[in-house]
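*Asks:* Below are the structure tokens for one structure; questions will follow.
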Amino acid sequence: MTSIKALSERYILANWPAPTNIHAFITTRKHGVSKAGYASLNLSVRSGDQPEQVAINRQRVSNDWGWTSSPCWLHQVHGTTVVDAATTRSESEADASVSRSVNVPAIVMVADCVPVLFCNYSGTCVAAAHAGWKGLAAGVLESTIASMQCPPAELLAWIGPAISQPFFEVGPEVRHAFIKVYAEAEQGFISGKGDRWMADLHFLAQQRLQRAGVKNIYSANQCVYKQKDVFFSYRRDGKKSGRMAAAVCITDA
């Protein structure tokens with residue numbers, strides 16, 4: 001049986017006023033079975049980790065939350081495709097999913113990129129989006145909101161832990177990708193060395209949510225790069241970095 005201490009260290013719960021039948025969280029890197037750079041709760045089969053260890057980690061998460069079937073784990077490609085978590089096969093190419101079914105979570109994996117979880121006030125629809133800079137600039141959040149088929153004003157959004165601005169250096173093409181769509185996005189960048197820029201993904205995600213009509217936005221305000229003992233970070237650790245999972249699920253409670 002998993003100890004209360006292990007459960008409290010394995011998950012960070014979304015700090016938002018969601019309906020009581022909505023469970024939402026992001027995993028930490030703690031209390032799994034993976035080794036070395038993947039230690040220890042790595043949930044990605046595409047990171048180079050041993051598949052059997054990832055399978056054990058994934059099953060632990062499912063057991064903890066009482067999911068009766070295996071979640072729809074996505075093959076994320078930094079795009080804008082949104083799928084139905086209840087009817088889509090695991091490892092399908094997409095960067096967001098929507099669920100209207102009890103105990104069928106919408107779930108994405110991250111290790112620097114922004115996870116954004118959604119639910120409606122009635123607790124009948126949830127969604128999860130993986131918002132790296134490419135997907136964010138291309139409109140993954142807007143696509144997710146549209147797929148929920150709920151008025152944006154009736155949604156809550158939670159922005160989970162991600163890399164913070166002081167550690168996210170990008171080239172001029174990244175800044176251009178945002179400001180060509182929305183000039184005010186320049187507020188999310190500060191000058192770095194040479195032609196480099198430091199991008200604030202959290203700010204840019206919040207800005208896009210507000211533009212889409214979502215007014216109820218909440219945030220974890222945590223940096224995965226700085227908190228090495230709690231989170232994975234690809235920018236910090238390189239290719240042999242694990243992945244966390246951010247999930248939101250309708251329950252029958």
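Identifiers in the structure tokens: chain A, B, ... in order shown; residue index from 1 per chain; ligand index from 1 in order shown.
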I want to know what sits within 12 Å of A:Val181, based on only C-alpha atoms, with residues of the same chain fewer than 3 positions away left out; could you give that as a PyMOL selection string?

*Replies:* chain A and resi 136-139+174-178+184-186+208+211

*Asks:* Atoms to include: N, CA and C atoms. Write the selected residues as a compact mmCIF listing (two decimals), in the first residue's frame.

*Replies:*
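Result file is result.txt:
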```txt
# COMPACT_ATOMS: atom_id res chain seq x y z
N LEU A 136 2.10 26.40 -28.49
CA LEU A 136 1.49 27.59 -27.93
C LEU A 136 1.33 28.67 -28.99
N ALA A 137 2.39 28.89 -29.78
CA ALA A 137 2.33 29.90 -30.84
C ALA A 137 1.35 29.51 -31.93
N ALA A 138 1.23 28.20 -32.18
CA ALA A 138 0.35 27.73 -33.26
C ALA A 138 -1.11 27.66 -32.85
N GLY A 139 -1.38 27.72 -31.55
CA GLY A 139 -2.78 27.76 -31.10
C GLY A 139 -3.30 26.51 -30.43
N VAL A 174 11.48 32.50 -32.46
CA VAL A 174 10.44 32.16 -31.49
C VAL A 174 9.63 33.41 -31.14
N ARG A 175 10.31 34.48 -30.84
CA ARG A 175 9.62 35.74 -30.54
C ARG A 175 8.76 36.17 -31.72
N HIS A 176 9.30 36.05 -32.92
CA HIS A 176 8.55 36.45 -34.11
C HIS A 176 7.30 35.61 -34.29
N ALA A 177 7.38 34.31 -33.98
CA ALA A 177 6.23 33.42 -34.13
C ALA A 177 5.05 33.87 -33.27
N PHE A 178 5.35 34.47 -32.13
CA PHE A 178 4.28 34.95 -31.26
C PHE A 178 3.77 36.33 -31.66
N GLU A 184 1.09 42.16 -28.72
CA GLU A 184 1.32 42.32 -27.29
C GLU A 184 2.11 41.17 -26.70
N ALA A 185 2.32 40.11 -27.46
CA ALA A 185 3.11 38.98 -26.97
C ALA A 185 4.56 39.39 -26.71
N GLU A 186 4.99 40.51 -27.25
CA GLU A 186 6.36 40.97 -27.01
C GLU A 186 6.62 41.19 -25.52
N ARG A 208 -2.67 33.97 -23.99
CA ARG A 208 -3.49 33.30 -25.01
C ARG A 208 -4.83 32.84 -24.43
N ARG A 211 -7.05 35.91 -24.22
CA ARG A 211 -7.51 36.30 -25.56
C ARG A 211 -8.62 35.39 -26.05
```

*Asks:* Skipping near chain neighbours, those fewer than 6 positions away, what residues fall within 12 Å of A:Val140 using only C-alpha atoms, listed as a CSV table (one decimal) with C-alpha atoms, in the first residue's frame?

*Replies:*
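Output file around_13.csv is given in full below:
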```csv
chain,number,residue,atom,x,y,z
A,76,GLN,CA,3.2,14.6,-28.4
A,77,VAL,CA,4.6,16.4,-31.4
A,78,HIS,CA,4.4,20.1,-30.4
A,79,GLY,CA,1.3,20.6,-32.6
A,80,THR,CA,-2.3,21.6,-32.1
A,81,THR,CA,-4.2,18.3,-32.6
A,82,VAL,CA,-6.8,17.6,-29.8
A,83,VAL,CA,-8.3,14.1,-29.4
A,94,ALA,CA,-1.7,14.8,-30.5
A,95,ASP,CA,-0.8,17.5,-27.9
A,96,ALA,CA,-4.1,17.7,-26.1
A,97,SER,CA,-7.1,15.6,-25.1
A,114,VAL,CA,3.5,24.3,-20.0
A,115,PRO,CA,0.8,21.9,-19.0
A,116,VAL,CA,-2.6,23.5,-19.0
A,127,ALA,CA,-9.1,18.8,-21.0
A,128,ALA,CA,-5.4,18.8,-20.8
A,129,ALA,CA,-3.0,20.6,-23.2
A,130,HIS,CA,0.8,20.3,-23.7
A,131,ALA,CA,2.0,23.8,-24.6
A,132,GLY,CA,5.5,24.0,-25.7
A,133,TRP,CA,6.5,27.2,-27.5
A,134,LYS,CA,5.7,25.8,-30.9
A,146,ALA,CA,-12.8,24.9,-29.1
A,147,SER,CA,-12.8,21.1,-28.7
A,205,ALA,CA,0.0,30.9,-22.0
A,208,ARG,CA,-3.5,33.3,-25.0
A,209,LEU,CA,-6.1,32.0,-22.6
A,212,ALA,CA,-9.6,33.2,-26.0
```

*Asks:* Using DSSP secondary structure from the backbone, list all strand (DSSP E) positions within stretch 1-248 of chain A, as a CSV table (one decimal) with all heavy atoms, in the first residue's frame.

*Replies:*
```csv
chain,number,residue,atom,x,y,z
A,11,TYR,N,2.5,13.8,-6.0
A,11,TYR,CA,1.6,14.7,-6.8
A,11,TYR,C,1.5,16.1,-6.2
A,11,TYR,O,1.7,16.3,-5.0
A,11,TYR,CB,0.2,14.1,-6.7
A,11,TYR,CG,0.1,12.7,-7.2
A,11,TYR,CD1,0.0,11.6,-6.3
A,11,TYR,CD2,0.1,12.4,-8.6
A,11,TYR,CE1,-0.1,10.3,-6.8
A,11,TYR,CE2,0.1,11.1,-9.0
A,11,TYR,CZ,0.0,10.0,-8.1
A,11,TYR,OH,-0.1,8.7,-8.6
A,12,ILE,N,1.3,17.0,-7.1
A,12,ILE,CA,1.0,18.4,-6.7
A,12,ILE,C,-0.4,18.6,-7.3
A,12,ILE,O,-0.7,18.5,-8.5
A,12,ILE,CB,1.9,19.4,-7.3
A,12,ILE,CG1,3.3,19.2,-6.7
A,12,ILE,CG2,1.5,20.8,-7.1
A,12,ILE,CD1,4.4,20.0,-7.3
A,13,LEU,N,-1.4,18.9,-6.4
A,13,LEU,CA,-2.8,19.1,-6.8
A,13,LEU,C,-3.0,20.5,-7.4
A,13,LEU,O,-2.3,21.5,-6.9
A,13,LEU,CB,-3.7,18.9,-5.6
A,13,LEU,CG,-3.6,17.5,-4.9
A,13,LEU,CD1,-4.6,17.5,-3.8
A,13,LEU,CD2,-3.7,16.4,-5.8
A,22,ILE,N,-14.1,16.8,-9.8
A,22,ILE,CA,-12.9,17.0,-10.7
A,22,ILE,C,-11.6,16.8,-9.9
A,22,ILE,O,-11.4,17.4,-8.9
A,22,ILE,CB,-12.9,18.3,-11.4
A,22,ILE,CG1,-14.2,18.6,-12.2
A,22,ILE,CG2,-11.7,18.5,-12.2
A,22,ILE,CD1,-14.4,17.6,-13.3
A,23,HIS,N,-10.8,15.8,-10.3
A,23,HIS,CA,-9.5,15.6,-9.8
A,23,HIS,C,-8.4,16.1,-10.8
A,23,HIS,O,-8.5,15.8,-12.0
A,23,HIS,CB,-9.2,14.1,-9.5
A,23,HIS,CG,-10.0,13.6,-8.4
A,23,HIS,ND1,-10.1,12.2,-8.1
A,23,HIS,CD2,-10.8,14.2,-7.4
A,23,HIS,CE1,-10.8,12.0,-7.0
A,23,HIS,NE2,-11.3,13.2,-6.6
A,24,ALA,N,-7.5,16.9,-10.3
A,24,ALA,CA,-6.5,17.5,-11.3
A,24,ALA,C,-5.1,17.6,-10.5
A,24,ALA,O,-5.1,18.0,-9.4
A,24,ALA,CB,-6.9,18.9,-11.8
A,25,PHE,N,-4.1,17.3,-11.2
A,25,PHE,CA,-2.8,17.2,-10.6
A,25,PHE,C,-1.7,17.2,-11.6
A,25,PHE,O,-1.9,16.9,-12.8
A,25,PHE,CB,-2.6,16.0,-9.7
A,25,PHE,CG,-2.7,14.7,-10.4
A,25,PHE,CD1,-1.6,14.1,-11.0
A,25,PHE,CD2,-4.0,14.1,-10.6
A,25,PHE,CE1,-1.7,12.9,-11.7
A,25,PHE,CE2,-4.1,12.9,-11.3
A,25,PHE,CZ,-2.9,12.3,-11.8
A,26,ILE,N,-0.4,17.4,-11.2
A,26,ILE,CA,0.8,17.1,-11.9
A,26,ILE,C,1.6,16.2,-11.1
A,26,ILE,O,1.7,16.3,-9.8
A,26,ILE,CB,1.5,18.3,-12.4
A,26,ILE,CG1,2.7,17.9,-13.3
A,26,ILE,CG2,2.0,19.1,-11.2
A,26,ILE,CD1,3.4,19.1,-14.0
A,27,THR,N,2.3,15.2,-11.7
A,27,THR,CA,3.1,14.3,-10.9
A,27,THR,C,4.5,15.0,-10.7
A,27,THR,O,4.8,16.0,-11.4
A,27,THR,CB,3.4,13.0,-11.7
A,27,THR,OG1,4.1,13.3,-12.9
A,27,THR,CG2,2.2,12.2,-11.9
A,82,VAL,N,-6.1,17.9,-31.1
A,82,VAL,CA,-6.8,17.6,-29.8
A,82,VAL,C,-7.6,16.3,-30.1
A,82,VAL,O,-8.3,16.2,-31.1
A,82,VAL,CB,-7.7,18.7,-29.4
A,82,VAL,CG1,-8.3,18.4,-28.0
A,82,VAL,CG2,-7.0,20.0,-29.3
A,83,VAL,N,-7.6,15.3,-29.2
A,83,VAL,CA,-8.3,14.1,-29.4
A,83,VAL,C,-9.2,13.8,-28.2
A,83,VAL,O,-9.1,14.4,-27.2
A,83,VAL,CB,-7.3,12.9,-29.6
A,83,VAL,CG1,-6.5,13.1,-30.8
A,83,VAL,CG2,-6.5,12.7,-28.3
A,84,ASP,N,-10.2,12.9,-28.4
A,84,ASP,CA,-11.1,12.4,-27.4
A,84,ASP,C,-10.4,11.3,-26.6
A,84,ASP,O,-10.0,10.3,-27.1
A,84,ASP,CB,-12.4,11.9,-28.0
A,84,ASP,CG,-13.4,11.5,-27.0
A,84,ASP,OD1,-13.1,11.1,-25.9
A,84,ASP,OD2,-14.6,11.6,-27.3
A,96,ALA,N,-3.1,17.4,-27.0
A,96,ALA,CA,-4.1,17.7,-26.1
A,96,ALA,C,-5.2,16.7,-26.2
A,96,ALA,O,-5.4,16.1,-27.2
A,96,ALA,CB,-4.7,19.1,-26.3
A,97,SER,N,-6.0,16.5,-25.1
A,97,SER,CA,-7.1,15.6,-25.1
A,97,SER,C,-8.2,16.2,-24.3
A,97,SER,O,-8.0,17.0,-23.4
A,97,SER,CB,-6.8,14.2,-24.7
A,97,SER,OG,-6.4,14.2,-23.3
A,98,VAL,N,-9.5,15.7,-24.6
A,98,VAL,CA,-10.7,16.2,-24.0
A,98,VAL,C,-11.4,14.9,-23.5
A,98,VAL,O,-11.4,13.9,-24.1
A,98,VAL,CB,-11.6,16.9,-24.9
A,98,VAL,CG1,-12.9,17.2,-24.3
A,98,VAL,CG2,-10.9,18.3,-25.3
A,99,SER,N,-12.0,15.0,-22.3
A,99,SER,CA,-12.8,13.9,-21.8
A,99,SER,C,-14.1,14.4,-21.2
A,99,SER,O,-14.1,15.4,-20.5
A,99,SER,CB,-12.0,13.1,-20.7
A,99,SER,OG,-12.8,12.1,-20.1
A,106,ALA,N,-8.0,13.2,-19.0
A,106,ALA,CA,-7.2,13.9,-20.1
A,106,ALA,C,-5.8,14.1,-19.5
A,106,ALA,O,-5.7,14.6,-18.3
A,106,ALA,CB,-7.9,15.2,-20.4
A,107,ILE,N,-4.8,13.7,-20.2
A,107,ILE,CA,-3.4,13.7,-19.6
A,107,ILE,C,-2.4,14.0,-20.7
A,107,ILE,O,-2.5,13.6,-21.8
A,107,ILE,CB,-3.2,12.3,-19.0
A,107,ILE,CG1,-1.9,12.2,-18.2
A,107,ILE,CG2,-3.2,11.2,-20.1
A,107,ILE,CD1,-1.8,11.0,-17.3
A,108,VAL,N,-1.4,14.8,-20.2
A,108,VAL,CA,-0.3,15.2,-21.1
A,108,VAL,C,1.0,15.0,-20.3
A,108,VAL,O,1.0,15.1,-19.0
A,108,VAL,CB,-0.4,16.6,-21.7
A,108,VAL,CG1,-1.5,16.7,-22.7
A,108,VAL,CG2,-0.5,17.6,-20.5
A,109,MET,N,2.1,14.9,-21.0
A,109,MET,CA,3.4,14.8,-20.3
A,109,MET,C,4.3,16.1,-20.6
A,109,MET,O,4.2,16.6,-21.7
A,109,MET,CB,4.2,13.6,-20.8
A,109,MET,CG,3.6,12.3,-20.3
A,109,MET,SD,4.4,10.8,-21.0
A,109,MET,CE,3.9,10.9,-22.7
A,110,VAL,N,5.1,16.5,-19.6
A,110,VAL,CA,5.9,17.7,-19.7
A,110,VAL,C,7.2,17.5,-19.0
A,110,VAL,O,7.4,16.7,-18.1
A,110,VAL,CB,5.1,18.9,-19.2
A,110,VAL,CG1,4.0,19.3,-20.0
A,110,VAL,CG2,4.7,18.6,-17.7
A,114,VAL,N,4.6,24.0,-20.9
A,114,VAL,CA,3.5,24.3,-20.0
A,114,VAL,C,2.4,23.3,-20.1
A,114,VAL,O,1.9,23.1,-21.2
A,114,VAL,CB,3.0,25.7,-20.3
A,114,VAL,CG1,1.8,26.1,-19.4
A,114,VAL,CG2,4.1,26.8,-20.2
A,115,PRO,N,2.0,22.7,-19.0
A,115,PRO,CA,0.8,21.9,-19.0
A,115,PRO,C,-0.4,22.8,-18.6
A,115,PRO,O,-0.3,23.6,-17.6
A,115,PRO,CB,1.1,20.9,-17.9
A,115,PRO,CG,1.9,21.6,-16.9
A,115,PRO,CD,2.7,22.6,-17.7
A,116,VAL,N,-1.5,22.8,-19.3
A,116,VAL,CA,-2.6,23.5,-19.0
A,116,VAL,C,-3.8,22.6,-18.9
A,116,VAL,O,-4.1,21.8,-19.8
A,116,VAL,CB,-3.0,24.6,-20.0
A,116,VAL,CG1,-4.2,25.4,-19.6
A,116,VAL,CG2,-1.8,25.5,-20.2
A,117,LEU,N,-4.5,22.6,-17.7
A,117,LEU,CA,-5.6,21.7,-17.5
A,117,LEU,C,-6.9,22.6,-17.5
A,117,LEU,O,-6.8,23.8,-17.0
A,117,LEU,CB,-5.5,21.0,-16.1
A,117,LEU,CG,-4.2,20.1,-15.9
A,117,LEU,CD1,-4.3,19.5,-14.6
A,117,LEU,CD2,-4.1,19.1,-17.1
A,118,PHE,N,-8.0,22.0,-17.9
A,118,PHE,CA,-9.2,22.7,-18.0
A,118,PHE,C,-10.4,21.9,-17.4
A,118,PHE,O,-10.3,20.7,-17.5
A,118,PHE,CB,-9.6,23.0,-19.5
A,118,PHE,CG,-8.7,23.8,-20.3
A,118,PHE,CD1,-7.6,23.2,-21.0
A,118,PHE,CD2,-8.9,25.2,-20.5
A,118,PHE,CE1,-6.7,24.0,-21.7
A,118,PHE,CE2,-8.0,26.0,-21.2
A,118,PHE,CZ,-6.9,25.4,-21.9
A,119,CYS,N,-11.4,22.6,-16.9
A,119,CYS,CA,-12.7,22.0,-16.6
A,119,CYS,C,-13.8,23.0,-16.8
A,119,CYS,O,-13.5,24.2,-16.8
A,119,CYS,CB,-12.7,21.3,-15.3
A,119,CYS,SG,-12.8,22.5,-13.9
A,120,ASN,N,-15.0,22.6,-16.9
A,120,ASN,CA,-16.1,23.6,-16.9
A,120,ASN,C,-16.7,23.6,-15.5
A,120,ASN,O,-16.5,22.7,-14.7
A,120,ASN,CB,-17.1,23.3,-18.0
A,120,ASN,CG,-17.8,21.9,-17.8
A,120,ASN,OD1,-17.4,21.1,-17.0
A,120,ASN,ND2,-18.8,21.6,-18.6
A,126,VAL,N,-13.6,18.0,-19.2
A,126,VAL,CA,-12.2,18.3,-18.8
A,126,VAL,C,-11.3,18.2,-20.0
A,126,VAL,O,-11.6,17.6,-21.0
A,126,VAL,CB,-11.7,17.5,-17.7
A,126,VAL,CG1,-12.5,17.6,-16.4
A,126,VAL,CG2,-11.7,16.0,-18.1
A,127,ALA,N,-10.1,18.9,-19.9
A,127,ALA,CA,-9.1,18.8,-21.0
A,127,ALA,C,-7.8,19.0,-20.5
A,127,ALA,O,-7.6,19.7,-19.4
A,127,ALA,CB,-9.5,19.8,-22.1
A,128,ALA,N,-6.8,18.5,-21.2
A,128,ALA,CA,-5.4,18.8,-20.8
A,128,ALA,C,-4.6,19.1,-22.1
A,128,ALA,O,-4.8,18.5,-23.2
A,128,ALA,CB,-4.7,17.5,-20.2
A,129,ALA,N,-3.7,20.1,-22.0
A,129,ALA,CA,-3.0,20.6,-23.2
A,129,ALA,C,-1.5,20.7,-22.9
A,129,ALA,O,-1.1,21.1,-21.8
A,129,ALA,CB,-3.5,21.9,-23.7
A,130,HIS,N,-0.7,20.2,-23.8
A,130,HIS,CA,0.8,20.3,-23.7
A,130,HIS,C,1.2,21.5,-24.6
A,130,HIS,O,1.1,21.5,-25.8
A,130,HIS,CB,1.4,19.0,-24.3
A,130,HIS,CG,2.9,19.2,-24.7
A,130,HIS,ND1,3.3,19.1,-26.0
A,130,HIS,CD2,4.0,19.4,-23.9
A,130,HIS,CE1,4.6,19.2,-26.0
A,130,HIS,NE2,5.0,19.4,-24.8
A,131,ALA,N,1.7,22.6,-23.9
A,131,ALA,CA,2.0,23.8,-24.6
A,131,ALA,C,3.4,24.2,-24.5
A,131,ALA,O,3.9,24.9,-23.7
A,131,ALA,CB,1.1,25.0,-24.0
A,155,LEU,N,-15.3,28.2,-18.3
A,155,LEU,CA,-14.1,27.3,-18.1
A,155,LEU,C,-13.2,27.8,-17.0
A,155,LEU,O,-13.1,29.0,-16.8
A,155,LEU,CB,-13.3,27.2,-19.4
A,155,LEU,CG,-14.0,26.6,-20.6
A,155,LEU,CD1,-13.1,26.5,-21.8
A,155,LEU,CD2,-14.6,25.2,-20.3
A,156,LEU,N,-12.6,26.9,-16.3
A,156,LEU,CA,-11.5,27.2,-15.4
A,156,LEU,C,-10.2,26.6,-16.1
A,156,LEU,O,-10.3,25.5,-16.7
A,156,LEU,CB,-11.6,26.5,-14.1
A,156,LEU,CG,-12.8,27.0,-13.2
A,156,LEU,CD1,-14.1,26.3,-13.5
A,156,LEU,CD2,-12.4,26.8,-11.7
A,157,ALA,N,-9.1,27.3,-16.0
A,157,ALA,CA,-7.8,26.8,-16.5
A,157,ALA,C,-6.8,26.8,-15.4
A,157,ALA,O,-6.7,27.8,-14.6
A,157,ALA,CB,-7.4,27.6,-17.7
A,158,TRP,N,-6.0,25.8,-15.4
A,158,TRP,CA,-4.8,25.7,-14.4
A,158,TRP,C,-3.5,25.6,-15.2
A,158,TRP,O,-3.4,24.6,-15.9
A,158,TRP,CB,-5.0,24.6,-13.4
A,158,TRP,CG,-3.9,24.5,-12.4
A,158,TRP,CD1,-3.7,25.4,-11.4
A,158,TRP,CD2,-2.9,23.5,-12.2
A,158,TRP,NE1,-2.7,25.0,-10.6
A,158,TRP,CE2,-2.2,23.8,-11.1
A,158,TRP,CE3,-2.6,22.4,-13.0
A,158,TRP,CZ2,-1.1,23.1,-10.7
A,158,TRP,CZ3,-1.6,21.6,-12.5
A,158,TRP,CH2,-0.8,21.9,-11.4
A,159,ILE,N,-2.6,26.5,-15.0
A,159,ILE,CA,-1.3,26.5,-15.6
A,159,ILE,C,-0.4,25.8,-14.6
A,159,ILE,O,-0.1,26.3,-13.6
A,159,ILE,CB,-0.8,27.9,-16.0
A,159,ILE,CG1,-1.8,28.6,-16.9
A,159,ILE,CG2,0.6,27.8,-16.6
A,159,ILE,CD1,-1.5,30.0,-17.2
A,169,GLU,N,16.0,30.3,-22.8
A,169,GLU,CA,16.5,31.1,-23.9
A,169,GLU,C,16.1,30.6,-25.2
A,169,GLU,O,16.1,29.4,-25.5
A,169,GLU,CB,18.1,31.1,-23.8
A,169,GLU,CG,18.8,32.0,-24.8
A,169,GLU,CD,20.3,31.8,-24.7
A,169,GLU,OE1,20.8,30.8,-25.1
A,169,GLU,OE2,20.9,32.8,-24.2
A,170,VAL,N,15.7,31.5,-26.1
A,170,VAL,CA,15.2,31.2,-27.4
A,170,VAL,C,15.8,32.1,-28.5
A,170,VAL,O,16.3,33.2,-28.1
A,170,VAL,CB,13.7,31.2,-27.5
A,170,VAL,CG1,13.0,30.2,-26.5
A,170,VAL,CG2,13.1,32.6,-27.2
A,189,PHE,N,8.8,38.6,-23.6
A,189,PHE,CA,10.2,38.3,-23.9
A,189,PHE,C,11.1,39.5,-23.4
A,189,PHE,O,10.7,40.6,-23.4
A,189,PHE,CB,10.4,38.3,-25.4
A,189,PHE,CG,9.7,37.1,-26.1
A,189,PHE,CD1,8.3,37.3,-26.4
A,189,PHE,CD2,10.3,36.0,-26.3
A,189,PHE,CE1,7.7,36.2,-27.0
A,189,PHE,CE2,9.7,34.9,-26.9
A,189,PHE,CZ,8.3,35.0,-27.3
A,190,ILE,N,12.2,39.1,-22.9
A,190,ILE,CA,13.2,40.1,-22.5
A,190,ILE,C,14.5,39.8,-23.2
A,190,ILE,O,14.8,38.6,-23.5
A,190,ILE,CB,13.5,40.2,-21.0
A,190,ILE,CG1,13.9,38.8,-20.4
A,190,ILE,CG2,12.2,40.7,-20.3
A,190,ILE,CD1,14.2,38.9,-18.9
A,191,SER,N,15.3,40.8,-23.5
A,191,SER,CA,16.6,40.6,-24.3
A,191,SER,C,17.6,39.7,-23.5
A,191,SER,O,17.8,39.9,-22.3
A,191,SER,CB,17.2,42.0,-24.6
A,191,SER,OG,16.4,42.7,-25.4
A,197,TRP,N,16.7,35.7,-26.8
A,197,TRP,CA,15.6,36.2,-26.0
A,197,TRP,C,15.3,35.2,-24.9
A,197,TRP,O,15.4,34.0,-25.1
A,197,TRP,CB,14.3,36.5,-26.8
A,197,TRP,CG,14.5,37.6,-27.8
A,197,TRP,CD1,15.0,37.4,-29.1
A,197,TRP,CD2,14.3,38.9,-27.7
A,197,TRP,NE1,15.1,38.6,-29.8
A,197,TRP,CE2,14.6,39.6,-28.9
A,197,TRP,CE3,13.7,39.7,-26.7
A,197,TRP,CZ2,14.4,40.9,-29.1
A,197,TRP,CZ3,13.6,41.1,-26.9
A,197,TRP,CH2,13.9,41.7,-28.1
A,198,MET,N,14.8,35.8,-23.8
A,198,MET,CA,14.3,34.9,-22.7
A,198,MET,C,12.8,35.0,-22.7
A,198,MET,O,12.2,36.1,-22.5
A,198,MET,CB,14.9,35.4,-21.3
A,198,MET,CG,16.4,35.7,-21.3
A,198,MET,SD,17.4,34.2,-21.8
A,198,MET,CE,17.1,33.1,-20.5
A,199,ALA,N,12.2,33.8,-22.9
A,199,ALA,CA,10.8,33.7,-23.1
A,199,ALA,C,10.1,33.3,-21.8
A,199,ALA,O,10.5,32.4,-21.1
A,199,ALA,CB,10.4,32.8,-24.2
A,216,ASN,N,-11.1,32.7,-15.8
A,216,ASN,CA,-10.8,32.0,-14.6
A,216,ASN,C,-9.5,31.2,-14.7
A,216,ASN,O,-9.6,30.0,-15.0
A,216,ASN,CB,-12.0,31.2,-14.1
A,216,ASN,CG,-13.3,32.0,-14.1
A,216,ASN,OD1,-13.4,32.8,-13.2
A,216,ASN,ND2,-14.2,31.7,-15.0
A,217,ILE,N,-8.4,31.9,-14.5
A,217,ILE,CA,-7.1,31.2,-14.7
A,217,ILE,C,-6.3,31.2,-13.4
A,217,ILE,O,-6.2,32.2,-12.7
A,217,ILE,CB,-6.3,32.1,-15.8
A,217,ILE,CG1,-7.1,32.2,-17.1
A,217,ILE,CG2,-4.9,31.4,-16.0
A,217,ILE,CD1,-6.5,33.2,-18.1
A,218,TYR,N,-5.8,30.0,-13.1
A,218,TYR,CA,-5.0,29.8,-11.9
A,218,TYR,C,-3.7,29.2,-12.3
A,218,TYR,O,-3.5,28.7,-13.4
A,218,TYR,CB,-5.8,28.8,-11.0
A,218,TYR,CG,-7.2,29.4,-10.7
A,218,TYR,CD1,-8.3,29.1,-11.6
A,218,TYR,CD2,-7.4,30.2,-9.6
A,218,TYR,CE1,-9.5,29.7,-11.3
A,218,TYR,CE2,-8.7,30.8,-9.4
A,218,TYR,CZ,-9.7,30.5,-10.2
A,218,TYR,OH,-11.0,31.0,-10.0
A,219,SER,N,-2.7,29.2,-11.3
A,219,SER,CA,-1.4,28.8,-11.6
A,219,SER,C,-0.6,28.2,-10.5
A,219,SER,O,-0.9,28.6,-9.3
A,219,SER,CB,-0.6,30.1,-12.1
A,219,SER,OG,0.8,29.7,-12.3
A,244,MET,N,7.1,14.4,-16.4
A,244,MET,CA,5.9,14.4,-15.5
A,244,MET,C,4.7,14.2,-16.3
A,244,MET,O,4.7,14.4,-17.5
A,244,MET,CB,5.9,15.7,-14.7
A,244,MET,CG,7.0,15.9,-13.7
A,244,MET,SD,8.5,16.7,-14.4
A,244,MET,CE,7.9,18.3,-14.9
A,245,ALA,N,3.6,14.0,-15.6
A,245,ALA,CA,2.3,13.9,-16.3
A,245,ALA,C,1.3,14.9,-15.6
A,245,ALA,O,1.3,15.0,-14.3
A,245,ALA,CB,1.7,12.5,-16.2
A,246,ALA,N,0.6,15.7,-16.3
A,246,ALA,CA,-0.5,16.5,-15.8
A,246,ALA,C,-1.8,16.0,-16.2
A,246,ALA,O,-2.0,15.7,-17.4
A,246,ALA,CB,-0.3,18.0,-16.3
A,247,ALA,N,-2.7,15.8,-15.3
A,247,ALA,CA,-3.9,15.1,-15.6
A,247,ALA,C,-5.1,15.7,-14.9
A,247,ALA,O,-5.0,16.3,-13.8
A,247,ALA,CB,-3.9,13.6,-15.2
A,248,VAL,N,-6.3,15.6,-15.6
A,248,VAL,CA,-7.5,16.1,-15.0
A,248,VAL,C,-8.6,15.0,-15.4
A,248,VAL,O,-8.6,14.5,-16.5
A,248,VAL,CB,-7.9,17.5,-15.5
A,248,VAL,CG1,-8.0,17.5,-17.0
A,248,VAL,CG2,-9.2,18.0,-14.8
```

*Asks:* Excluding stretch 57-67 of chain A and any residue of its chain fewer than 5 positions from it, enumerate the residues within 9 Å of it, using only C-alpha atoms, and give them as an MDAnalysis selection string.

*Replies:* chainID A and resid 2 7 10 23 27 31:34 40:44 52 103:105

*Asks:* Identify, on the basis of only C-alpha atoms, every residue whose closest approach to A:Ala111 does not exceed 12 Å; exclude the query and any residue fewer than 4 positions from it along the same chain; express the result as a PyMOL selection string.

*Replies:* chain A and resi 26-29+38+42-44+47+115+130-132+160-164+223-225+227-228+230-246

*Asks:* Which of these, A:Ala55, A:Thr87, A:Val45, A:Leu204, has the shortest distance to A:Gly135 once you count only C-alpha atoms?

*Replies:*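 Closest to A:Gly135, using only C-alpha atoms: A:Leu204.
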
*Asks:* What's the 9 Å shell around A:Thr20, counting only C-alpha atoms, without same-chain residues fewer than 4 positions away, as JSON, numbers by chain?

*Replies:* {"A": [123, 251, 253]}

*Asks:* List every residue of stretch 64-252 of chain A that DSSP, applied to the backbone of this structure, places in helix (DSSP H, G or I), and write the result as a VMD selection string.

*Replies:* chain A and resid 64 to 65 133 to 138 140 to 148 152 to 154 165 to 167 172 to 179 183 to 188 201 to 211 234 to 237

*Asks:* To one decimal place in Å, what is the distance between atom CA of A:Ala85 and atom CA of A:Ile56?

*Replies:* 21.0 Å

*Asks:* Please indicate the distance in Å from atom CA of A:Cys113 to atom CA of A:Leu201, rounded to one decimal place.

*Replies:*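 Taking atom CA of A:Cys113 and atom CA of A:Leu201, their separation equals 7.7 Å.
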
*Asks:* Nearest to A:Val214 among A:Ser101, A:Gln187, A:Gln165, A:Thr144, with distances taken over only C-alpha atoms: which residue is it?

*Replies:* A:Thr144

*Asks:* When you draw a straight line from atom CA of A:Trp16 to atom CA of A:Glu154, how long is it in Å?

*Replies:*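 Interatomic distance here is 13.9 Å.
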